[in-house]
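Structure file data-v7.cif; described as mmCIF, C-alpha atoms.
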data_query
#
loop_
_atom_site.label_atom_id
_atom_site.label_comp_id
_atom_site.auth_asym_id
_atom_site.auth_seq_id
_atom_site.Cartn_x
_atom_site.Cartn_y
_atom_site.Cartn_z
CA MET K 19 132.42 80.42 121.13
CA GLY K 20 130.86 77.34 122.70
CA ARG K 21 132.40 73.97 122.07
CA PRO K 22 130.51 71.67 119.72
CA ASN K 23 128.49 69.18 121.67
CA PRO K 24 129.64 65.62 120.87
CA ASN K 25 126.12 64.31 121.48
CA SER K 26 124.38 66.82 119.26
CA SER K 27 124.36 64.48 116.25
CA GLU K 28 122.76 61.75 118.36
CA ILE K 29 120.14 64.23 119.53
CA GLU K 30 119.45 65.26 115.95
CA VAL K 31 118.98 61.63 114.99
CA LEU K 32 116.50 61.22 117.84
CA TYR K 33 114.72 64.37 116.71
CA HIS K 34 114.30 63.00 113.21
CA GLN K 35 113.32 59.60 114.51
CA TYR K 36 110.75 60.57 117.12
CA GLY K 37 110.06 64.25 116.41
CA ALA K 38 106.83 63.66 114.49
CA THR K 39 105.30 61.40 117.16
CA LEU K 40 106.48 63.62 119.97
CA LEU K 41 104.93 66.60 118.23
CA LEU K 42 101.68 64.71 117.80
CA PHE K 43 101.71 63.80 121.48
CA ALA K 44 102.36 67.42 122.48
CA SER K 45 99.65 68.61 120.07
CA ALA K 46 97.19 66.13 121.55
CA MET K 47 98.00 67.47 125.01
CA THR K 48 97.98 71.18 124.27
CA GLY K 49 95.57 71.33 121.36
CA ASP K 50 97.83 73.98 119.88
CA ARG K 51 100.34 73.05 117.22
CA GLY K 52 102.51 76.12 117.88
CA ARG K 53 102.77 75.49 121.60
CA ALA K 54 103.45 71.83 120.93
CA GLN K 55 106.27 72.76 118.55
CA ASP K 56 107.70 75.16 121.13
CA ALA K 57 107.64 72.48 123.82
CA LEU K 58 109.38 70.03 121.51
CA HIS K 59 112.11 72.49 120.61
CA GLN K 60 112.52 73.45 124.23
CA VAL K 61 113.11 69.81 125.18
CA PHE K 62 115.65 69.13 122.44
CA LEU K 63 117.55 72.37 122.97
CA LYS K 64 117.75 71.56 126.66
CA LEU K 65 119.08 68.11 125.82
CA MET K 66 121.74 69.66 123.59
CA GLU K 67 122.68 72.11 126.31
CA ASN K 68 122.95 69.31 128.87
CA GLY K 69 124.98 67.15 126.50
CA GLY K 70 122.50 64.36 125.79
CA LEU K 71 120.05 62.07 127.48
CA GLY K 72 122.37 61.19 130.33
CA ARG K 73 121.88 57.69 131.66
CA ALA K 74 118.37 57.19 130.29
CA THR K 75 118.07 53.57 129.18
CA ASP K 76 114.72 53.84 127.41
CA LYS K 77 115.39 56.87 125.26
CA LYS K 78 112.02 56.97 123.55
CA ALA K 79 110.03 56.80 126.80
CA TYR K 80 112.39 59.37 128.31
CA LEU K 81 111.72 61.76 125.42
CA PHE K 82 107.96 61.38 125.78
CA ALA K 83 108.29 62.09 129.49
CA CYS K 84 110.37 65.21 128.78
CA VAL K 85 107.84 66.51 126.27
CA ARG K 86 104.97 65.81 128.66
CA ASN K 87 106.74 67.69 131.45
CA ALA K 88 107.50 70.60 129.15
CA VAL K 89 103.84 70.80 128.09
CA LEU K 90 102.59 70.52 131.66
CA ASN K 91 105.00 73.19 132.86
CA ASP K 92 103.94 75.44 130.02
CA SER K 93 100.29 74.71 130.68
CA THR K 94 100.56 75.68 134.32
CA LEU K 95 101.60 79.14 133.18
CA GLN K 96 99.06 79.45 130.38
CA LYS K 97 95.61 78.15 131.22
CA ARG K 98 95.17 74.45 130.56
CA HIS K 99 92.33 72.69 128.72
CA THR K 100 92.46 74.91 125.70
CA GLU K 101 90.28 73.95 122.78
CA LEU K 102 92.00 71.76 120.23
CA GLU K 103 92.63 73.79 117.12
CA ILE K 104 91.09 72.36 114.03
CA ASP K 105 92.88 73.98 111.15
CA ALA K 106 96.42 72.62 111.45
CA LEU K 107 96.97 69.14 110.07
CA TRP K 108 98.30 66.58 112.50
CA PHE K 109 98.61 63.68 110.12
CA SER K 110 99.58 62.90 106.60
CA PRO K 111 96.50 60.83 105.67
CA PRO K 112 96.59 57.66 103.56
CA ASN K 113 95.60 58.27 99.93
CA ARG K 114 95.49 62.01 100.67
CA ASP K 115 92.13 61.52 102.33
CA PHE K 116 92.05 64.83 104.19
CA ALA K 117 88.44 64.36 105.20
CA ALA K 118 89.46 61.23 107.07
CA GLU K 119 92.32 63.15 108.67
CA ARG K 120 89.93 65.81 109.89
CA ASN K 121 87.56 63.10 111.06
CA LEU K 122 90.35 61.48 113.07
CA ARG K 123 91.39 64.78 114.62
CA ASN K 124 87.79 65.54 115.59
CA ALA K 125 87.43 62.09 117.08
CA LEU K 126 90.63 62.59 119.08
CA LYS K 127 89.37 65.97 120.20
CA ILE K 128 86.30 64.61 121.88
CA LEU K 129 88.25 61.99 123.81
CA PRO K 130 89.05 62.76 127.46
CA GLU K 131 92.63 64.03 127.78
CA ASP K 132 93.93 61.00 129.68
CA GLN K 133 92.52 58.61 127.06
CA ARG K 134 93.82 60.74 124.22
CA GLU K 135 97.33 60.56 125.71
CA VAL K 136 97.21 56.78 125.92
CA ILE K 137 95.90 56.37 122.38
CA VAL K 138 98.64 58.58 120.91
CA LEU K 139 101.36 56.95 122.98
CA HIS K 140 100.32 53.42 122.03
CA ILE K 141 99.24 53.79 118.40
CA TRP K 142 101.74 56.33 117.07
CA GLY K 143 104.36 56.38 119.84
CA GLU K 144 104.42 52.58 119.87
CA LEU K 145 104.98 52.47 123.60
CA THR K 146 103.92 49.40 125.54
CA PHE K 147 101.30 49.67 128.30
CA SER K 148 104.06 49.14 130.80
CA GLN K 149 106.03 52.09 129.39
CA ILE K 150 102.87 54.22 129.23
CA GLY K 151 102.05 53.33 132.83
CA GLU K 152 105.48 54.38 133.97
CA LEU K 153 105.31 57.59 131.98
CA LEU K 154 101.88 58.63 133.25
CA GLY K 155 102.37 57.33 136.76
CA ILE K 156 99.61 54.69 136.48
CA SER K 157 99.63 50.91 136.38
CA SER K 158 99.98 49.13 133.07
CA ASN K 159 96.51 47.63 133.59
CA THR K 160 95.01 51.09 133.95
CA ALA K 161 96.84 52.19 130.83
CA ALA K 162 95.51 49.18 128.91
CA SER K 163 91.99 49.75 130.13
CA ARG K 164 92.10 53.45 129.22
CA TYR K 165 93.33 52.44 125.81
CA ARG K 166 90.46 50.03 125.21
CA TYR K 167 87.88 52.63 126.21
CA ALA K 168 89.57 55.24 124.05
CA LEU K 169 89.82 52.96 121.05
CA ALA K 170 86.14 52.04 121.28
CA LYS K 171 85.12 55.71 121.53
CA LEU K 172 87.40 56.69 118.69
CA ARG K 173 86.08 53.95 116.49
CA GLY K 174 82.49 54.81 117.36
CA SER K 175 82.84 58.50 116.62
CA MET K 176 84.79 57.92 113.42
CA SER K 177 82.29 55.32 112.20
CA ALA K 178 79.38 57.65 112.94
CA LYS K 179 81.05 60.41 111.02
CA GLU K 180 81.88 58.08 108.14
CA ASP K 181 78.27 56.87 108.07
CA SER K 182 76.93 60.40 107.96
CA ARG K 183 79.36 61.23 105.16
CA ALA K 184 78.26 58.15 103.26
CA ASN K 185 74.56 58.98 103.77
CA SER K 186 75.02 62.57 102.67
CA GLY K 187 76.82 61.32 99.58
CA ARG K 188 73.86 59.19 98.47
CA MET W 29 83.39 53.07 105.01
CA GLN W 30 82.84 50.32 107.53
CA ILE W 31 85.54 50.32 110.22
CA PRO W 32 86.23 46.70 111.21
CA ASP W 33 87.35 45.17 114.51
CA ASP W 34 89.83 46.71 116.91
CA GLU W 35 92.92 45.13 115.42
CA LYS W 36 92.11 46.29 111.92
CA PHE W 37 91.08 49.67 113.27
CA GLU W 38 94.52 50.02 114.89
CA ILE W 39 96.16 49.18 111.58
CA TYR W 40 93.94 51.75 109.89
CA LEU W 41 94.93 54.42 112.44
CA ARG W 42 98.63 53.65 112.02
CA ARG W 43 98.35 54.48 108.34
CA PHE W 44 97.97 58.11 109.38
CA ASP W 45 101.54 59.35 109.67
CA PRO W 46 102.13 62.17 112.14
CA ILE W 47 103.45 65.25 110.37
CA ALA W 48 107.11 65.95 110.98
CA PRO W 49 108.01 68.94 113.14
CA GLU W 50 109.80 72.03 111.90
CA PRO W 51 113.59 71.80 111.87
CA MET W 52 115.25 72.46 115.15
CA PRO W 53 116.41 76.03 115.72
CA ALA W 54 120.13 76.62 116.21
CA PRO W 55 120.98 76.14 119.87
CA GLU W 56 121.46 79.36 121.80
CA LEU W 57 124.95 80.31 122.84
CA SER W 58 126.01 79.08 126.21
CA TYR W 59 126.26 81.45 129.15
CA GLN W 60 130.06 81.57 128.92
CA SER W 61 129.96 82.35 125.21
CA ARG W 62 127.40 85.06 125.80
CA ARG W 63 129.60 86.52 128.54
CA SER W 64 132.72 86.52 126.41
CA LEU W 65 130.78 88.07 123.52
CA ARG W 66 129.46 90.79 125.81
CA LEU W 67 132.98 91.44 127.11
CA GLY W 68 134.30 91.60 123.54
CA ALA W 69 131.58 94.06 122.60
CA TRP W 70 132.45 96.27 125.57
CA LEU W 71 136.15 96.18 124.66
CA ALA W 72 135.38 97.03 121.05
CA ALA W 73 133.16 99.91 122.14
CA CYS W 74 135.88 101.22 124.50
CA ALA W 75 138.50 100.97 121.74
CA ALA W 76 136.22 102.81 119.32
CA ILE W 77 135.56 105.59 121.83
CA ALA W 78 139.29 105.88 122.62
CA SER W 79 140.19 106.10 118.94
CA VAL W 80 137.51 108.74 118.30
CA VAL W 81 138.70 110.82 121.28
CA GLY W 82 142.35 110.40 120.18
CA ALA W 83 141.54 111.45 116.64
CA ALA W 84 139.63 114.49 117.93
CA ILE W 85 142.57 115.54 120.11
CA LEU W 86 145.05 115.11 117.27
CA HIS W 87 142.81 117.01 114.91
CA HIS W 88 142.43 119.83 117.42
CA ARG W 89 146.19 120.05 117.98
CA GLY W 90 146.82 119.87 114.25
CA ALA W 91 144.41 122.71 113.65
CA GLN W 92 146.14 124.77 116.33
CA THR W 93 149.65 124.25 114.96
CA VAL W 94 149.05 124.49 111.24
CA GLY W 95 146.33 127.07 110.98
CA PRO W 96 147.11 130.71 110.42
CA LYS W 97 146.60 133.27 113.12
CA THR W 98 145.20 135.86 110.77
CA HIS W 99 144.26 135.45 107.22
CA HIS W 100 146.00 138.41 105.68
CA GLU W 101 149.20 138.48 107.59
CA MET W 102 152.18 136.59 106.38
CA THR W 103 152.88 135.21 109.85
CA PHE W 104 150.60 132.29 109.35
CA VAL W 105 153.23 129.88 110.54
CA GLU W 106 153.96 129.80 114.20
CA ASN W 107 157.45 129.36 115.56
CA ARG W 108 156.75 125.89 116.89
CA ASP W 109 155.61 124.84 113.46
CA LEU W 110 159.08 125.54 112.22
CA LEU W 111 160.41 122.64 114.17
CA GLU W 112 158.00 120.30 112.45
CA PRO W 113 158.94 118.71 109.16
CA LEU W 114 157.08 119.70 106.04
CA THR W 115 154.25 117.29 105.41
CA LEU W 116 151.70 117.05 102.68
CA ARG W 117 149.05 118.02 105.16
CA ARG W 118 150.95 121.13 106.20
CA ALA W 119 151.64 122.05 102.59
CA ASP W 120 148.00 121.61 101.79
CA THR W 121 147.00 123.81 104.71
CA LEU W 122 149.49 126.46 103.65
CA LEU W 123 148.21 126.44 100.11
CA SER W 124 144.62 126.68 101.20
CA THR W 125 145.12 129.38 103.82
CA ALA W 126 147.79 131.59 102.31
CA PRO W 127 146.53 134.85 100.79
CA SER W 128 148.33 134.10 97.55
CA PHE W 129 150.11 131.30 95.79
CA LYS W 130 153.42 133.14 96.08
CA THR W 131 153.02 133.49 99.83
CA ALA W 132 152.26 129.84 100.17
CA ILE W 133 155.37 128.84 98.20
CA ASP W 134 157.43 131.20 100.34
CA GLY W 135 156.00 129.67 103.46
CA LEU W 136 157.00 126.25 102.22
CA ALA W 137 160.45 127.29 101.06
CA PHE W 138 161.41 129.50 104.05
CA PRO W 139 159.71 128.03 107.04
CA PHE W 140 162.18 129.62 109.45
CA GLN W 141 161.38 133.07 108.24
CA SER W 142 158.79 134.72 110.43
CA GLY W 143 157.08 137.90 109.58
CA SER W 144 156.41 139.22 106.14
CA ILE W 145 158.92 138.61 103.36
CA PRO W 146 160.07 141.74 101.59
CA ASN W 147 158.69 141.89 98.13
CA SER W 148 160.92 140.36 95.44
CA ARG W 149 163.67 139.73 97.95
CA GLN W 150 163.32 136.36 99.42
CA SER W 151 160.52 135.09 97.34
CA ALA W 152 161.22 131.53 96.27
CA ILE W 153 159.73 132.25 92.90
CA ALA W 154 161.88 135.36 92.54
CA VAL W 155 165.01 133.43 93.51
CA LEU W 156 164.20 130.62 91.14
CA SER W 157 163.43 133.07 88.33
CA GLU W 158 166.78 134.75 88.79
CA GLU W 159 168.67 131.51 88.55
CA ARG W 160 170.23 130.80 85.22
CA ILE W 161 169.92 127.33 84.10
CA LYS W 162 172.93 126.03 82.21
CA LEU W 163 172.13 123.49 79.60
#
Take the structure in the file and give it back as structure tokens.
Amino acid sequence: MGRPNPNSSEIEVLYHQYGATLLLFASAMTGDRGRAQDALHQVFLKLMENGGLGRATDKKAYLFACVRNAVLNDSTLQKRHTELEIDALWFSPPNRDFAAERNLRNALKILPEDQREVIVLHIWGELTFSQIGELLGISSNTAASRYRYALAKLRGSMSAKEDSRANSGR
Amino acid sequence: MQIPDDEKFEIYLRRFDPIAPEPMPAPELSYQSRRSLRLGAWLAACAAIASVVGAAILHHRGAQTVGPKTHHEMTFVENRDLLEPLTLRRADTLLSTAPSFKTAIDGLAFPFQSGSIPNSRQSAIAVLSEERIKL
């Protein structure tokens, strides 16, 4: 039988620590929760097989890069730009406001893919613009500018939806 | 709901917690482990085949040596059987194949005797019945 990997516990800790955000990132890229989950598992199993993260200094950014590569590799085989699925929850909403959760997902859906990536990486991944720039192969200024555009769009579409909900409730 | 400025909007968005992924599946066995498992399976299969073939050969030989040539003749024990010790299996075969209980007992008692036993002469039961038991 195979020897137990000494780094497997560290990898499990990383999985628990960043798994949810990594899955959200993969979901935002693929639009498919199942494929996102597969990509995430693929990355972590590969890490276990290879015995850890090697000499990666920024582990979180490294994990996001791995997941992104896994999704992109998968997407080259299966056609890219699939429609984002609507049924599966991505978030646990505050105060169990599932309408708001759906509203957020819809707002994320209509964002361009590059802006959606930046929003997820900065808001939920808590990566800096410098880290995002390195990950996506763009400058930190470009990352920051994409973020601002994305945030404005997201806010606009969510506000519009909230307004229409409020009007229909009157 | 009125969504306020960017900073507050960011805080609002962060209140949505991403849902945790499913637990990680057990890692697959490494290539070496898979190879050794495959080798073990082959060895086990070979051993099983060898034991089945061996058992079949033994069974065939056993059937040849213990079984009677004809059902009604008394010469149901071959000469080479005589060299073999009496075993439960052989006794069982004798009992099941002998034309009568008496013949079977004779076969067990006088294994070196080939051919039919004259009636009431060398019968083990007859000999035993003639013996006087002193108390």
For chain K, the nearest of the candidates W:Ala126, W:Ala119, W:Ile39, W:Ala48, counting all atoms listed in the file: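 Checking each candidate against chain K, we get W:Ala48 as the closest.
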Residue hits in chain K, query chain W, radius 7 Å, all atoms listed in the file, as a list in words: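 Listing them in order of chain and number gives Met19, Gly20, Gly37, Ala38, Thr39, Leu41, Leu42, Gln55, His59, Leu63, Trp108, Phe109, Ser110, Pro111, Pro112, Ile141, Trp142, Ser177 and Glu180 of chain K.
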Resolved residues for the PyMOL selection byres ((chain K and resi 84) around 10) as a ChimeraX atom specification: /K:40,57-58,60-62,64-65,78-83,85-90,153
Non-local contacts of stretch 129-136 of chain K (7 Å; only C-alpha atoms; under 2 positions in same chain excluded) as a list in words: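 Contacts, in chain order: Phe43, Ala46, Met47, Ala125, Leu126, Lys127, Val138, Leu139, His140, Ala161, Arg164, Tyr165 and Ala168 of chain K.
From atom CA of K:Arg51 back to atom CA of K:Glu28, the distance works out to 25.1 Å.
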Atom CA of K:Ala106 to atom CA of K:Gly49, distance in Å rounded to a single decimal: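 A separation of 10.0 Å between them.
Across the model, the gap from atom CA of K:Glu144 to atom CA of K:Ala162 is 13.1 Å.
Applying the 10 Å criterion to (84.3, 58.2, 119.7) in file coordinates and using all atoms listed in the file, one obtains the residues Leu122, Asn124, Ala125, Leu126, Lys127, Ile128, Leu129, Tyr167, Ala168, Leu169, Ala170, Lys171, Leu172, Arg173, Gly174, Ser175, Met176, Ser177, Ala178 and Lys179 of chain K.
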Because some atoms of stretch 45-60 of chain K are absent here, can you restore N, CA and C atoms and send them as a CSV table (one decimal), in the coordinates of the input?
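Everything below was put into rebuild16.csv:
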chain,number,residue,atom,x,y,z
K,45,SER,N,100.8,68.0,120.7
K,45,SER,CA,99.6,68.6,120.1
K,45,SER,C,98.4,68.1,120.7
K,46,ALA,N,98.4,66.8,120.9
K,46,ALA,CA,97.2,66.1,121.6
K,46,ALA,C,97.0,66.6,123.0
K,47,MET,N,98.1,67.0,123.6
K,47,MET,CA,98.0,67.5,125.0
K,47,MET,C,97.6,68.9,125.1
K,48,THR,N,98.2,69.7,124.2
K,48,THR,CA,98.0,71.2,124.3
K,48,THR,C,96.8,71.6,123.4
K,49,GLY,N,96.6,70.9,122.3
K,49,GLY,CA,95.6,71.3,121.4
K,49,GLY,C,96.1,72.5,120.5
K,50,ASP,N,97.3,72.8,120.6
K,50,ASP,CA,97.8,74.0,119.9
K,50,ASP,C,99.1,73.5,119.3
K,51,ARG,N,99.2,73.5,117.9
K,51,ARG,CA,100.3,73.0,117.2
K,51,ARG,C,101.6,73.9,117.5
K,52,GLY,N,101.4,75.2,117.6
K,52,GLY,CA,102.5,76.1,117.9
K,52,GLY,C,103.1,75.9,119.2
K,53,ARG,N,102.3,75.7,120.2
K,53,ARG,CA,102.8,75.5,121.6
K,53,ARG,C,103.4,74.1,121.7
K,54,ALA,N,102.9,73.2,121.0
K,54,ALA,CA,103.4,71.8,120.9
K,54,ALA,C,104.9,71.9,120.3
K,55,GLN,N,105.0,72.6,119.2
K,55,GLN,CA,106.3,72.8,118.6
K,55,GLN,C,107.3,73.4,119.5
K,56,ASP,N,106.8,74.5,120.2
K,56,ASP,CA,107.7,75.2,121.1
K,56,ASP,C,108.2,74.2,122.2
K,57,ALA,N,107.3,73.4,122.7
K,57,ALA,CA,107.6,72.5,123.8
K,57,ALA,C,108.7,71.5,123.3
K,58,LEU,N,108.4,71.0,122.1
K,58,LEU,CA,109.4,70.0,121.5
K,58,LEU,C,110.8,70.6,121.3
K,59,HIS,N,110.8,71.8,120.8
K,59,HIS,CA,112.1,72.5,120.6
K,59,HIS,C,112.8,72.8,121.9
K,60,GLN,N,112.0,73.2,122.9
K,60,GLN,CA,112.5,73.4,124.2
K,60,GLN,C,113.2,72.2,124.8
